[in-house]
Amino acid sequence: MASGDRWDRGPVRLARKAAGPVVWLAPALVMLAVGAYRLGTPALWRDEVASWVSATRPIGDLLRMLQHVDASNGAYYVLLHGWTALFGDSEIALRLPSVLAMAGAAAFTALTAERLFGGRVAGVCAGLLFAMVPLVSRYAQEARSYALVTCAVAAATWFLLRAMERPVLRRWVPYALAMAVAGAAHLVSLSALAGQAALVAPYLWRATGTARWRLLARLALVLAALGAAVLPVALLGREQSERQLGWLGRPTLDQLWHFGEPLFGSARVFHVFLVLSAMALVLPGRRGPALRLLLLAVLPVLAVWGFSFGPTSYFLDRYLLFTVPAWAALAGCGIGAGYAAVTAAARPGRTPPEVRAAGLLLAVGVVAVAGVTALPTQSLVRYAGSHAQSKEPYREVARLIAAGYRPGDGLAVPLGNQAWSMVGPGVSYYLPSGVRPYPLFEETDAVRAEDLFPVPCPRPAECTGQGGRVWLVVLGNTPDPLTALPPAQADALRARFGTPRQVTPLGGMTLSLLDGTGAGR
């Protein structure tokens, strides 16, 4: 009998050992599949074009540019520079690091929920719920820093929990590194420290005497190292903030109250998360950890909202995407609490495996409901124009230019106070290698200007080149594209190339061809 028991226990031990990695591996693989689905379908939008333009510069030119603009994204640009050198700059290659980062974020979300709630069900469900959030999918498919930041903050949270449980120095190092990556990639992510304070507080409260002072000293050392690591980025970012964030207005109380919808990309999905979070806070079991997760999710949002009443506003959904793992961990703990309640209410005569199966079936059903709720919005982030709501048709403009291109053609695009639209580099990205129209109205190109944008020619009539035809792209749909230009540029084109012969509105932009017809009139 004893021998039989040993044989029975052996497979059980093996199953439990194998189930350990499943907690984080299953959510990571699901997130990888969700992120990779139709990865190359949406066209690049202007922010992704900025990433491409920056990352594909020689490293020296990139570092000089960061001294003038976009320093807050500098760490991401440097990483993407190395990545594109190895894997190229196709749409899929540019976005794949974000997919991998979100898969990592799903894994760390699962590990955090498991560690705080003490159950694999909570961990797996938390990671899967994270993968179902529409805004997570959206930025898993974007060549920007938000996925990297989300992964770094999620990793830092898990490393922090490990360090607090056993506060030796070698456990603090990965936490500090993860937060340094997050802060260097996007300074707003440092507001996560406000939420992480809620995780630290119980340990400080329980510690006494020398142990408390030792813990405080190590926290101070880690924060000092973190501050030193991100200080150069912070100083440059402060100088550049008005130029890059001046378009953001001060947030309102109504925006704060309804922030869940833009943060999740769907009001219905957010409401599902709220219900599951309430379960974690109400059902018996782990109410304390659930409350700390709630503070981890909410305090950074409140901090950024309050800080945005200063000279510069930072209150934007994608800037706070790194708080979603905390919401997912809290919702996963809600499912875990439900599973625990079902298994604790076993009726006499029911075997434990049957009860566990019923609880697992309930957990799977809840996750499935969340997935079905998210499905309509998931499809909306994957069509060709989804990243820019079809208002930046670089791909279509490039296709039309390539179809009618002749060697020696020029290209005029919005410059100056409309250079933010990134039309020139956006169209250039999609043009075939043999189609390279010369740029009009540029005095200094963006690389030599050490900027994202070229310097406009102060005398447009002297910057029209030697060609006989010009492709003109202006913002908006208009039957007369010349009226959308600054008067001096319009006059220069009209005198040299005449009026547009072909005008094609494309939704958000208008493409036209000037071939000399009526020149000088």
# chains A, B, ... in the order shown; residues from 1 in each chain; ligands from 1
$ residues_around --residues "Val282 in chain A" --least-positions-apart "6" --cutoff "10 Å" --atoms "only C-alpha atoms" --output "ChimeraX atom specification"
/A:276,290,334,337
$ select_by_dssp --residues "range 143-337 of chain A" --states "helix (DSSP H, G or I)" --output "ChimeraX atom specification"
/A:146-165,169-185,187-206,209-245,253-257,260-264,267-282,287-307,317-337
$ select_by_dssp --residues "range 347-497 of chain A" --states "strand (DSSP E)" --output "PyMOL selection string"
chain A and resi 410-412+438-439+442-444+455-456+470-475
$ write_last_selection --atoms "all heavy atoms" --output "short mmCIF file (atom, residue, chain, number, x, y, z; two decimals), in the first residue's frame"
data_model
loop_
_atom_site.label_atom_id
_atom_site.label_comp_id
_atom_site.auth_asym_id
_atom_site.auth_seq_id
_atom_site.Cartn_x
_atom_site.Cartn_y
_atom_site.Cartn_z
N GLY A 410 9.57 65.85 -58.01
CA GLY A 410 9.76 66.39 -56.67
C GLY A 410 8.58 66.05 -55.78
O GLY A 410 7.52 65.59 -56.24
N LEU A 411 8.74 66.29 -54.48
CA LEU A 411 7.69 66.01 -53.51
C LEU A 411 7.62 67.17 -52.52
O LEU A 411 8.62 67.49 -51.86
CB LEU A 411 7.96 64.70 -52.75
CG LEU A 411 6.98 64.34 -51.63
CD1 LEU A 411 5.59 64.10 -52.19
CD2 LEU A 411 7.47 63.11 -50.88
N ALA A 412 6.45 67.78 -52.40
CA ALA A 412 6.22 68.87 -51.44
C ALA A 412 5.24 68.37 -50.38
O ALA A 412 4.16 67.87 -50.71
CB ALA A 412 5.66 70.10 -52.14
N TYR A 438 12.76 64.24 -55.14
CA TYR A 438 13.56 65.18 -54.35
C TYR A 438 12.62 66.07 -53.51
O TYR A 438 11.51 66.38 -53.92
CB TYR A 438 14.46 66.03 -55.25
CG TYR A 438 13.73 67.01 -56.13
CD1 TYR A 438 13.43 68.30 -55.68
CD2 TYR A 438 13.34 66.67 -57.42
CE1 TYR A 438 12.77 69.21 -56.49
CE2 TYR A 438 12.66 67.57 -58.24
CZ TYR A 438 12.38 68.84 -57.76
OH TYR A 438 11.70 69.74 -58.56
N PRO A 439 13.05 66.48 -52.32
CA PRO A 439 12.18 67.28 -51.44
C PRO A 439 12.21 68.76 -51.82
O PRO A 439 13.26 69.33 -52.12
CB PRO A 439 12.80 67.06 -50.05
CG PRO A 439 14.25 66.80 -50.34
CD PRO A 439 14.30 66.09 -51.66
N GLU A 442 12.90 72.58 -48.51
CA GLU A 442 13.75 72.24 -47.36
C GLU A 442 15.08 72.97 -47.47
O GLU A 442 15.80 72.81 -48.45
CB GLU A 442 14.00 70.74 -47.29
CG GLU A 442 12.81 69.91 -46.87
CD GLU A 442 13.16 68.45 -46.65
OE1 GLU A 442 14.37 68.14 -46.61
OE2 GLU A 442 12.24 67.63 -46.53
N GLU A 443 15.39 73.74 -46.44
CA GLU A 443 16.71 74.38 -46.39
C GLU A 443 17.75 73.41 -45.82
O GLU A 443 18.87 73.33 -46.31
CB GLU A 443 16.66 75.64 -45.54
CG GLU A 443 17.99 76.39 -45.48
CD GLU A 443 17.90 77.64 -44.64
OE1 GLU A 443 17.46 77.55 -43.48
OE2 GLU A 443 18.30 78.72 -45.13
N THR A 444 17.36 72.68 -44.75
CA THR A 444 18.24 71.71 -44.10
C THR A 444 17.44 70.47 -43.78
O THR A 444 16.35 70.57 -43.20
CB THR A 444 18.83 72.29 -42.79
OG1 THR A 444 19.42 73.55 -43.05
CG2 THR A 444 19.88 71.34 -42.21
N VAL A 455 14.36 71.82 -41.68
CA VAL A 455 14.20 73.27 -41.55
C VAL A 455 13.62 73.81 -42.86
O VAL A 455 14.20 73.60 -43.93
CB VAL A 455 15.55 73.96 -41.25
CG1 VAL A 455 15.37 75.47 -41.18
CG2 VAL A 455 16.14 73.42 -39.95
N PRO A 456 12.46 74.48 -42.82
CA PRO A 456 11.86 75.00 -44.05
C PRO A 456 12.72 76.09 -44.69
O PRO A 456 13.42 76.85 -44.01
CB PRO A 456 10.51 75.57 -43.60
CG PRO A 456 10.27 74.98 -42.24
CD PRO A 456 11.61 74.75 -41.64
N VAL A 470 5.91 68.00 -59.83
CA VAL A 470 5.93 67.92 -58.36
C VAL A 470 4.68 67.23 -57.87
O VAL A 470 3.56 67.55 -58.31
CB VAL A 470 6.03 69.33 -57.72
CG1 VAL A 470 5.73 69.25 -56.23
CG2 VAL A 470 7.39 69.92 -57.95
N TRP A 471 4.88 66.27 -56.96
CA TRP A 471 3.77 65.67 -56.21
C TRP A 471 3.56 66.50 -54.94
O TRP A 471 4.51 66.74 -54.20
CB TRP A 471 4.07 64.23 -55.85
CG TRP A 471 4.26 63.34 -57.03
CD1 TRP A 471 5.43 63.05 -57.68
CD2 TRP A 471 3.24 62.62 -57.73
NE1 TRP A 471 5.22 62.19 -58.73
CE2 TRP A 471 3.86 61.91 -58.78
CE3 TRP A 471 1.87 62.49 -57.57
CZ2 TRP A 471 3.17 61.09 -59.66
CZ3 TRP A 471 1.17 61.67 -58.43
CH2 TRP A 471 1.80 60.99 -59.47
N LEU A 472 2.33 66.93 -54.73
CA LEU A 472 2.02 67.77 -53.58
C LEU A 472 1.07 67.02 -52.65
O LEU A 472 0.03 66.52 -53.07
CB LEU A 472 1.36 69.08 -54.06
CG LEU A 472 0.77 70.00 -52.97
CD1 LEU A 472 1.85 70.49 -52.03
CD2 LEU A 472 0.02 71.17 -53.62
N VAL A 473 1.44 66.96 -51.37
CA VAL A 473 0.59 66.35 -50.34
C VAL A 473 0.25 67.41 -49.31
O VAL A 473 1.15 68.05 -48.75
CB VAL A 473 1.28 65.16 -49.65
CG1 VAL A 473 0.31 64.47 -48.70
CG2 VAL A 473 1.82 64.17 -50.67
N VAL A 474 -1.04 67.62 -49.07
CA VAL A 474 -1.48 68.56 -48.04
C VAL A 474 -2.42 67.84 -47.08
O VAL A 474 -2.98 66.78 -47.40
CB VAL A 474 -2.20 69.79 -48.66
CG1 VAL A 474 -1.26 70.56 -49.57
CG2 VAL A 474 -3.46 69.36 -49.40
N LEU A 475 -2.59 68.39 -45.90
CA LEU A 475 -3.47 67.79 -44.90
C LEU A 475 -4.91 68.14 -45.20
O LEU A 475 -5.23 69.24 -45.66
CB LEU A 475 -3.09 68.30 -43.50
CG LEU A 475 -1.66 68.01 -43.04
CD1 LEU A 475 -1.46 68.50 -41.60
CD2 LEU A 475 -1.32 66.52 -43.14
#
$ atom_distance --atom1 "CA of Arg144 in chain A" --atom2 "CA of Ser390 in chain A"
18.9 Å
$ residues_around --residues "range 152-157 of chain A" --least-positions-apart "3" --cutoff "10 Å" --atoms "only C-alpha atoms" --output "ChimeraX atom specification"
/A:101-102,104-112,146-149,160-163,172,174-183,185,189-190,192-193,195-196,199,296,322-326
$ atom_distance --atom1 "CA of Glu48 in chain A" --atom2 "CA of Ala449 in chain A"
20.2 Å
$ residues_around --residues "Leu94 in chain A" --least-positions-apart "6" --cutoff "8 Å" --atoms "only C-alpha atoms" --output "count of residues only"
5
$ residues_around --residues "Arg250 in chain A" --least-positions-apart "6" --cutoff "7 Å" --atoms "only C-alpha atoms" --output "list in words"
Ser308, Phe309 and Ser313 of chain A
$ write_last_selection --atoms "N, CA, C and O atoms" --output "mmCIF file, in the first residue's frame"
data_model
loop_
_atom_site.group_PDB
_atom_site.id
_atom_site.type_symbol
_atom_site.label_atom_id
_atom_site.label_comp_id
_atom_site.auth_asym_id
_atom_site.auth_seq_id
_atom_site.Cartn_x
_atom_site.Cartn_y
_atom_site.Cartn_z
ATOM 1 N N SER A 308 -0.478 67.140 -13.639
ATOM 2 C CA SER A 308 -0.790 67.762 -14.933
ATOM 3 C C SER A 308 -1.416 69.142 -14.797
ATOM 4 O O SER A 308 -1.666 69.803 -15.814
ATOM 5 N N PHE A 309 -1.680 69.597 -13.571
ATOM 6 C CA PHE A 309 -2.157 70.960 -13.377
ATOM 7 C C PHE A 309 -1.001 71.947 -13.276
ATOM 8 O O PHE A 309 -1.217 73.143 -13.069
ATOM 9 N N SER A 313 0.954 69.200 -19.083
ATOM 10 C CA SER A 313 0.040 68.101 -18.807
ATOM 11 C C SER A 313 0.627 66.793 -19.335
ATOM 12 O O SER A 313 1.250 66.758 -20.399
#
$ residues_around --residues "Cys457 in chain A" --least-positions-apart "2" --cutoff "12 Å" --atoms "only C-alpha atoms" --output "PDB file with all heavy atoms, in the first residue's frame"
ATOM      1  N   ALA A 412       6.452  67.785 -52.403  1.00  0.00           N
ATOM      2  CA  ALA A 412       6.216  68.867 -51.440  1.00  0.00           C
ATOM      3  C   ALA A 412       5.241  68.366 -50.382  1.00  0.00           C
ATOM      4  O   ALA A 412       4.160  67.865 -50.715  1.00  0.00           O
ATOM      5  CB  ALA A 412       5.656  70.102 -52.144  1.00  0.00           C
ATOM      6  N   LEU A 415       5.377  71.298 -43.915  1.00  0.00           N
ATOM      7  CA  LEU A 415       6.564  71.588 -43.110  1.00  0.00           C
ATOM      8  C   LEU A 415       6.207  72.626 -42.051  1.00  0.00           C
ATOM      9  O   LEU A 415       5.049  73.002 -41.903  1.00  0.00           O
ATOM     10  CB  LEU A 415       7.698  72.102 -44.012  1.00  0.00           C
ATOM     11  CG  LEU A 415       8.198  71.148 -45.104  1.00  0.00           C
ATOM     12  CD1 LEU A 415       9.200  71.860 -46.005  1.00  0.00           C
ATOM     13  CD2 LEU A 415       8.833  69.905 -44.495  1.00  0.00           C
ATOM     14  N   GLY A 416       7.196  73.095 -41.347  1.00  0.00           N
ATOM     15  CA  GLY A 416       6.956  74.151 -40.361  1.00  0.00           C
ATOM     16  C   GLY A 416       6.018  73.694 -39.257  1.00  0.00           C
ATOM     17  O   GLY A 416       6.238  72.645 -38.634  1.00  0.00           O
ATOM     18  N   PRO A 439      13.049  66.478 -52.323  1.00  0.00           N
ATOM     19  CA  PRO A 439      12.184  67.281 -51.444  1.00  0.00           C
ATOM     20  C   PRO A 439      12.207  68.758 -51.818  1.00  0.00           C
ATOM     21  O   PRO A 439      13.262  69.326 -52.124  1.00  0.00           O
ATOM     22  CB  PRO A 439      12.799  67.065 -50.055  1.00  0.00           C
ATOM     23  CG  PRO A 439      14.249  66.804 -50.335  1.00  0.00           C
ATOM     24  CD  PRO A 439      14.298  66.091 -51.656  1.00  0.00           C
ATOM     25  N   LEU A 440      11.041  69.368 -51.785  1.00  0.00           N
ATOM     26  CA  LEU A 440      10.919  70.807 -52.021  1.00  0.00           C
ATOM     27  C   LEU A 440      10.825  71.556 -50.692  1.00  0.00           C
ATOM     28  O   LEU A 440      10.378  71.004 -49.678  1.00  0.00           O
ATOM     29  CB  LEU A 440       9.671  71.130 -52.852  1.00  0.00           C
ATOM     30  CG  LEU A 440       9.832  71.103 -54.378  1.00  0.00           C
ATOM     31  CD1 LEU A 440      10.006  69.670 -54.850  1.00  0.00           C
ATOM     32  CD2 LEU A 440       8.646  71.774 -55.064  1.00  0.00           C
ATOM     33  N   PHE A 441      11.236  72.817 -50.742  1.00  0.00           N
ATOM     34  CA  PHE A 441      11.058  73.767 -49.631  1.00  0.00           C
ATOM     35  C   PHE A 441      11.834  73.392 -48.370  1.00  0.00           C
ATOM     36  O   PHE A 441      11.491  73.840 -47.281  1.00  0.00           O
ATOM     37  CB  PHE A 441       9.565  73.925 -49.291  1.00  0.00           C
ATOM     38  CG  PHE A 441       8.711  74.335 -50.450  1.00  0.00           C
ATOM     39  CD1 PHE A 441       7.468  73.737 -50.649  1.00  0.00           C
ATOM     40  CD2 PHE A 441       9.143  75.290 -51.348  1.00  0.00           C
ATOM     41  CE1 PHE A 441       6.667  74.103 -51.717  1.00  0.00           C
ATOM     42  CE2 PHE A 441       8.350  75.671 -52.428  1.00  0.00           C
ATOM     43  CZ  PHE A 441       7.111  75.073 -52.613  1.00  0.00           C
ATOM     44  N   GLU A 442      12.902  72.581 -48.509  1.00  0.00           N
ATOM     45  CA  GLU A 442      13.746  72.244 -47.363  1.00  0.00           C
ATOM     46  C   GLU A 442      15.079  72.972 -47.474  1.00  0.00           C
ATOM     47  O   GLU A 442      15.797  72.813 -48.451  1.00  0.00           O
ATOM     48  CB  GLU A 442      14.000  70.738 -47.289  1.00  0.00           C
ATOM     49  CG  GLU A 442      12.806  69.913 -46.874  1.00  0.00           C
ATOM     50  CD  GLU A 442      13.160  68.447 -46.648  1.00  0.00           C
ATOM     51  OE1 GLU A 442      14.373  68.136 -46.607  1.00  0.00           O
ATOM     52  OE2 GLU A 442      12.241  67.628 -46.531  1.00  0.00           O
ATOM     53  N   GLU A 443      15.393  73.743 -46.443  1.00  0.00           N
ATOM     54  CA  GLU A 443      16.711  74.379 -46.391  1.00  0.00           C
ATOM     55  C   GLU A 443      17.748  73.412 -45.815  1.00  0.00           C
ATOM     56  O   GLU A 443      18.870  73.331 -46.311  1.00  0.00           O
ATOM     57  CB  GLU A 443      16.656  75.644 -45.536  1.00  0.00           C
ATOM     58  CG  GLU A 443      17.986  76.390 -45.480  1.00  0.00           C
ATOM     59  CD  GLU A 443      17.903  77.640 -44.639  1.00  0.00           C
ATOM     60  OE1 GLU A 443      17.457  77.545 -43.476  1.00  0.00           O
ATOM     61  OE2 GLU A 443      18.304  78.719 -45.131  1.00  0.00           O
ATOM     62  N   THR A 444      17.356  72.682 -44.749  1.00  0.00           N
ATOM     63  CA  THR A 444      18.242  71.714 -44.101  1.00  0.00           C
ATOM     64  C   THR A 444      17.437  70.466 -43.776  1.00  0.00           C
ATOM     65  O   THR A 444      16.349  70.569 -43.199  1.00  0.00           O
ATOM     66  CB  THR A 444      18.832  72.290 -42.793  1.00  0.00           C
ATOM     67  OG1 THR A 444      19.424  73.551 -43.049  1.00  0.00           O
ATOM     68  CG2 THR A 444      19.878  71.339 -42.205  1.00  0.00           C
ATOM     69  N   ASP A 445      17.958  69.301 -44.152  1.00  0.00           N
ATOM     70  CA  ASP A 445      17.202  68.080 -43.858  1.00  0.00           C
ATOM     71  C   ASP A 445      17.240  67.780 -42.361  1.00  0.00           C
ATOM     72  O   ASP A 445      18.022  68.357 -41.600  1.00  0.00           O
ATOM     73  CB  ASP A 445      17.710  66.904 -44.678  1.00  0.00           C
ATOM     74  CG  ASP A 445      19.137  66.497 -44.326  1.00  0.00           C
ATOM     75  OD1 ASP A 445      19.455  66.346 -43.136  1.00  0.00           O
ATOM     76  OD2 ASP A 445      19.945  66.322 -45.257  1.00  0.00           O
ATOM     77  N   PRO A 454      12.755  68.646 -40.858  1.00  0.00           N
ATOM     78  CA  PRO A 454      13.671  69.500 -41.615  1.00  0.00           C
ATOM     79  C   PRO A 454      13.401  70.976 -41.345  1.00  0.00           C
ATOM     80  O   PRO A 454      12.331  71.341 -40.837  1.00  0.00           O
ATOM     81  CB  PRO A 454      13.360  69.142 -43.073  1.00  0.00           C
ATOM     82  CG  PRO A 454      11.947  68.652 -43.042  1.00  0.00           C
ATOM     83  CD  PRO A 454      11.757  67.987 -41.715  1.00  0.00           C
ATOM     84  N   VAL A 455      14.363  71.823 -41.683  1.00  0.00           N
ATOM     85  CA  VAL A 455      14.202  73.272 -41.551  1.00  0.00           C
ATOM     86  C   VAL A 455      13.620  73.810 -42.857  1.00  0.00           C
ATOM     87  O   VAL A 455      14.202  73.605 -43.927  1.00  0.00           O
ATOM     88  CB  VAL A 455      15.551  73.957 -41.247  1.00  0.00           C
ATOM     89  CG1 VAL A 455      15.375  75.470 -41.184  1.00  0.00           C
ATOM     90  CG2 VAL A 455      16.137  73.425 -39.945  1.00  0.00           C
ATOM     91  N   ARG A 459      12.906  81.208 -48.292  1.00  0.00           N
ATOM     92  CA  ARG A 459      12.471  81.770 -49.581  1.00  0.00           C
ATOM     93  C   ARG A 459      12.057  80.613 -50.488  1.00  0.00           C
ATOM     94  O   ARG A 459      12.864  80.071 -51.248  1.00  0.00           O
ATOM     95  CB  ARG A 459      13.604  82.587 -50.214  1.00  0.00           C
ATOM     96  CG  ARG A 459      13.924  83.866 -49.435  1.00  0.00           C
ATOM     97  CD  ARG A 459      15.095  84.615 -50.026  1.00  0.00           C
ATOM     98  NE  ARG A 459      16.344  83.880 -49.835  1.00  0.00           N
ATOM     99  CZ  ARG A 459      17.074  83.917 -48.711  1.00  0.00           C
ATOM    100  NH1 ARG A 459      16.666  84.655 -47.697  1.00  0.00           N
ATOM    101  NH2 ARG A 459      18.185  83.227 -48.610  1.00  0.00           N
ATOM    102  N   PRO A 460      10.789  80.205 -50.413  1.00  0.00           N
ATOM    103  CA  PRO A 460      10.336  79.012 -51.127  1.00  0.00           C
ATOM    104  C   PRO A 460      10.625  79.025 -52.621  1.00  0.00           C
ATOM    105  O   PRO A 460      10.886  77.961 -53.208  1.00  0.00           O
ATOM    106  CB  PRO A 460       8.819  79.006 -50.859  1.00  0.00           C
ATOM    107  CG  PRO A 460       8.672  79.735 -49.565  1.00  0.00           C
ATOM    108  CD  PRO A 460       9.715  80.801 -49.590  1.00  0.00           C
ATOM    109  N   ALA A 461      10.586  80.179 -53.265  1.00  0.00           N
ATOM    110  CA  ALA A 461      10.812  80.231 -54.714  1.00  0.00           C
ATOM    111  C   ALA A 461      12.207  79.755 -55.093  1.00  0.00           C
ATOM    112  O   ALA A 461      12.430  79.338 -56.241  1.00  0.00           O
ATOM    113  CB  ALA A 461      10.592  81.660 -55.221  1.00  0.00           C
ATOM    114  N   GLU A 462      13.147  79.788 -54.134  1.00  0.00           N
ATOM    115  CA  GLU A 462      14.515  79.357 -54.417  1.00  0.00           C
ATOM    116  C   GLU A 462      14.726  77.874 -54.091  1.00  0.00           C
ATOM    117  O   GLU A 462      15.832  77.362 -54.245  1.00  0.00           O
ATOM    118  CB  GLU A 462      15.497  80.203 -53.599  1.00  0.00           C
ATOM    119  CG  GLU A 462      15.441  81.691 -53.936  1.00  0.00           C
ATOM    120  CD  GLU A 462      16.355  82.504 -53.043  1.00  0.00           C
ATOM    121  OE1 GLU A 462      17.112  81.894 -52.248  1.00  0.00           O
ATOM    122  OE2 GLU A 462      16.324  83.741 -53.125  1.00  0.00           O
ATOM    123  N   CYS A 463      13.672  77.200 -53.630  1.00  0.00           N
ATOM    124  CA  CYS A 463      13.817  75.804 -53.177  1.00  0.00           C
ATOM    125  C   CYS A 463      12.822  74.888 -53.886  1.00  0.00           C
ATOM    126  O   CYS A 463      12.186  74.031 -53.263  1.00  0.00           O
ATOM    127  CB  CYS A 463      13.619  75.718 -51.665  1.00  0.00           C
ATOM    128  SG  CYS A 463      14.779  76.688 -50.699  1.00  0.00           S
ATOM    129  N   THR A 464      12.662  75.076 -55.202  1.00  0.00           N
ATOM    130  CA  THR A 464      11.743  74.230 -55.963  1.00  0.00           C
ATOM    131  C   THR A 464      12.454  73.217 -56.846  1.00  0.00           C
ATOM    132  O   THR A 464      11.795  72.448 -57.555  1.00  0.00           O
ATOM    133  CB  THR A 464      10.817  75.095 -56.840  1.00  0.00           C
ATOM    134  OG1 THR A 464      11.622  75.917 -57.693  1.00  0.00           O
ATOM    135  CG2 THR A 464       9.916  75.972 -55.984  1.00  0.00           C
ATOM    136  N   GLY A 465      13.788  73.178 -56.804  1.00  0.00           N
ATOM    137  CA  GLY A 465      14.540  72.182 -57.546  1.00  0.00           C
ATOM    138  C   GLY A 465      14.561  72.428 -59.041  1.00  0.00           C
ATOM    139  O   GLY A 465      14.144  73.482 -59.531  1.00  0.00           O
ATOM    140  N   PRO A 486       1.159  77.527 -47.161  1.00  0.00           N
ATOM    141  CA  PRO A 486       1.520  78.924 -46.884  1.00  0.00           C
ATOM    142  C   PRO A 486       1.565  79.698 -48.197  1.00  0.00           C
ATOM    143  O   PRO A 486       1.994  79.156 -49.231  1.00  0.00           O
ATOM    144  CB  PRO A 486       2.903  78.808 -46.242  1.00  0.00           C
ATOM    145  CG  PRO A 486       2.951  77.427 -45.668  1.00  0.00           C
ATOM    146  CD  PRO A 486       2.137  76.584 -46.609  1.00  0.00           C
ATOM    147  N   ALA A 488       3.481  81.857 -49.621  1.00  0.00           N
ATOM    148  CA  ALA A 488       4.741  81.929 -50.375  1.00  0.00           C
ATOM    149  C   ALA A 488       5.026  80.613 -51.097  1.00  0.00           C
ATOM    150  O   ALA A 488       5.517  80.615 -52.236  1.00  0.00           O
ATOM    151  CB  ALA A 488       5.891  82.285 -49.437  1.00  0.00           C
ATOM    152  N   GLN A 489       4.729  79.494 -50.461  1.00  0.00           N
ATOM    153  CA  GLN A 489       4.929  78.199 -51.114  1.00  0.00           C
ATOM    154  C   GLN A 489       3.939  78.004 -52.257  1.00  0.00           C
ATOM    155  O   GLN A 489       4.304  77.512 -53.335  1.00  0.00           O
ATOM    156  CB  GLN A 489       4.789  77.073 -50.100  1.00  0.00           C
ATOM    157  CG  GLN A 489       5.899  76.999 -49.066  1.00  0.00           C
ATOM    158  CD  GLN A 489       5.761  75.806 -48.147  1.00  0.00           C
ATOM    159  OE1 GLN A 489       4.900  74.941 -48.346  1.00  0.00           O
ATOM    160  NE2 GLN A 489       6.602  75.735 -47.120  1.00  0.00           N
ATOM    161  N   ALA A 492       5.068  80.024 -55.215  1.00  0.00           N
ATOM    162  CA  ALA A 492       6.245  79.445 -55.861  1.00  0.00           C
ATOM    163  C   ALA A 492       5.852  78.250 -56.730  1.00  0.00           C
ATOM    164  O   ALA A 492       6.352  78.100 -57.859  1.00  0.00           O
ATOM    165  CB  ALA A 492       7.259  79.015 -54.800  1.00  0.00           C
TER     166      ALA A 492
END
$ atom_distance --atom1 "CA of Gly404 in chain A" --atom2 "CA of Glu91 in chain A"
24.3 Å
$ residues_around --residues "Tyr203 in chain A" --least-positions-apart "6" --cutoff "10 Å" --atoms "only C-alpha atoms" --output "list in words"
Leu161, Met164, Glu165, Arg212 and Leu215 of chain A
$ closest_residue --among "A:Gly60, A:Gly332, A:Pro481, A:Gly434" --to "Arg115 in chain A" --atoms "only C-alpha atoms"
A:Gly332
$ closest_residue --among "A:Val367, A:Leu361, A:Val49, A:Val397" --to "Met422 in chain A" --atoms "only C-alpha atoms"
A:Val49
$ closest_atom_pairs --of "range 98-178 of chain A" --to "range 258-264 of chain A" --cutoff "12 Å" --atoms "only C-alpha atoms" --output "JSON lines"
{"residue": "A:Leu129", "atom": "CA", "partner": "A:Phe264", "partner_atom": "CA", "distance": 11.4}
{"residue": "A:Phe130", "atom": "CA", "partner": "A:Phe264", "partner_atom": "CA", "distance": 9.9}
{"residue": "A:Ala131", "atom": "CA", "partner": "A:Phe264", "partner_atom": "CA", "distance": 11.2}
{"residue": "A:Met132", "atom": "CA", "partner": "A:Phe264", "partner_atom": "CA", "distance": 9.6}
{"residue": "A:Val133", "atom": "CA", "partner": "A:Phe264", "partner_atom": "CA", "distance": 5.9}
{"residue": "A:Pro134", "atom": "CA", "partner": "A:Phe264", "partner_atom": "CA", "distance": 6.2}
{"residue": "A:Leu135", "atom": "CA", "partner": "A:Phe264", "partner_atom": "CA", "distance": 5.2}
{"residue": "A:Val136", "atom": "CA", "partner": "A:Phe264", "partner_atom": "CA", "distance": 7.5}
{"residue": "A:Ser137", "atom": "CA", "partner": "A:Phe264", "partner_atom": "CA", "distance": 9.9}
{"residue": "A:Arg138", "atom": "CA", "partner": "A:Phe264", "partner_atom": "CA", "distance": 10.0}
{"residue": "A:Tyr139", "atom": "CA", "partner": "A:Phe264", "partner_atom": "CA", "distance": 11.2}
$ closest_residue --among "A:Gly338, A:Pro21, A:Pro425, A:Gly467" --to "Gly516 in chain A" --atoms "only C-alpha atoms"
A:Gly467
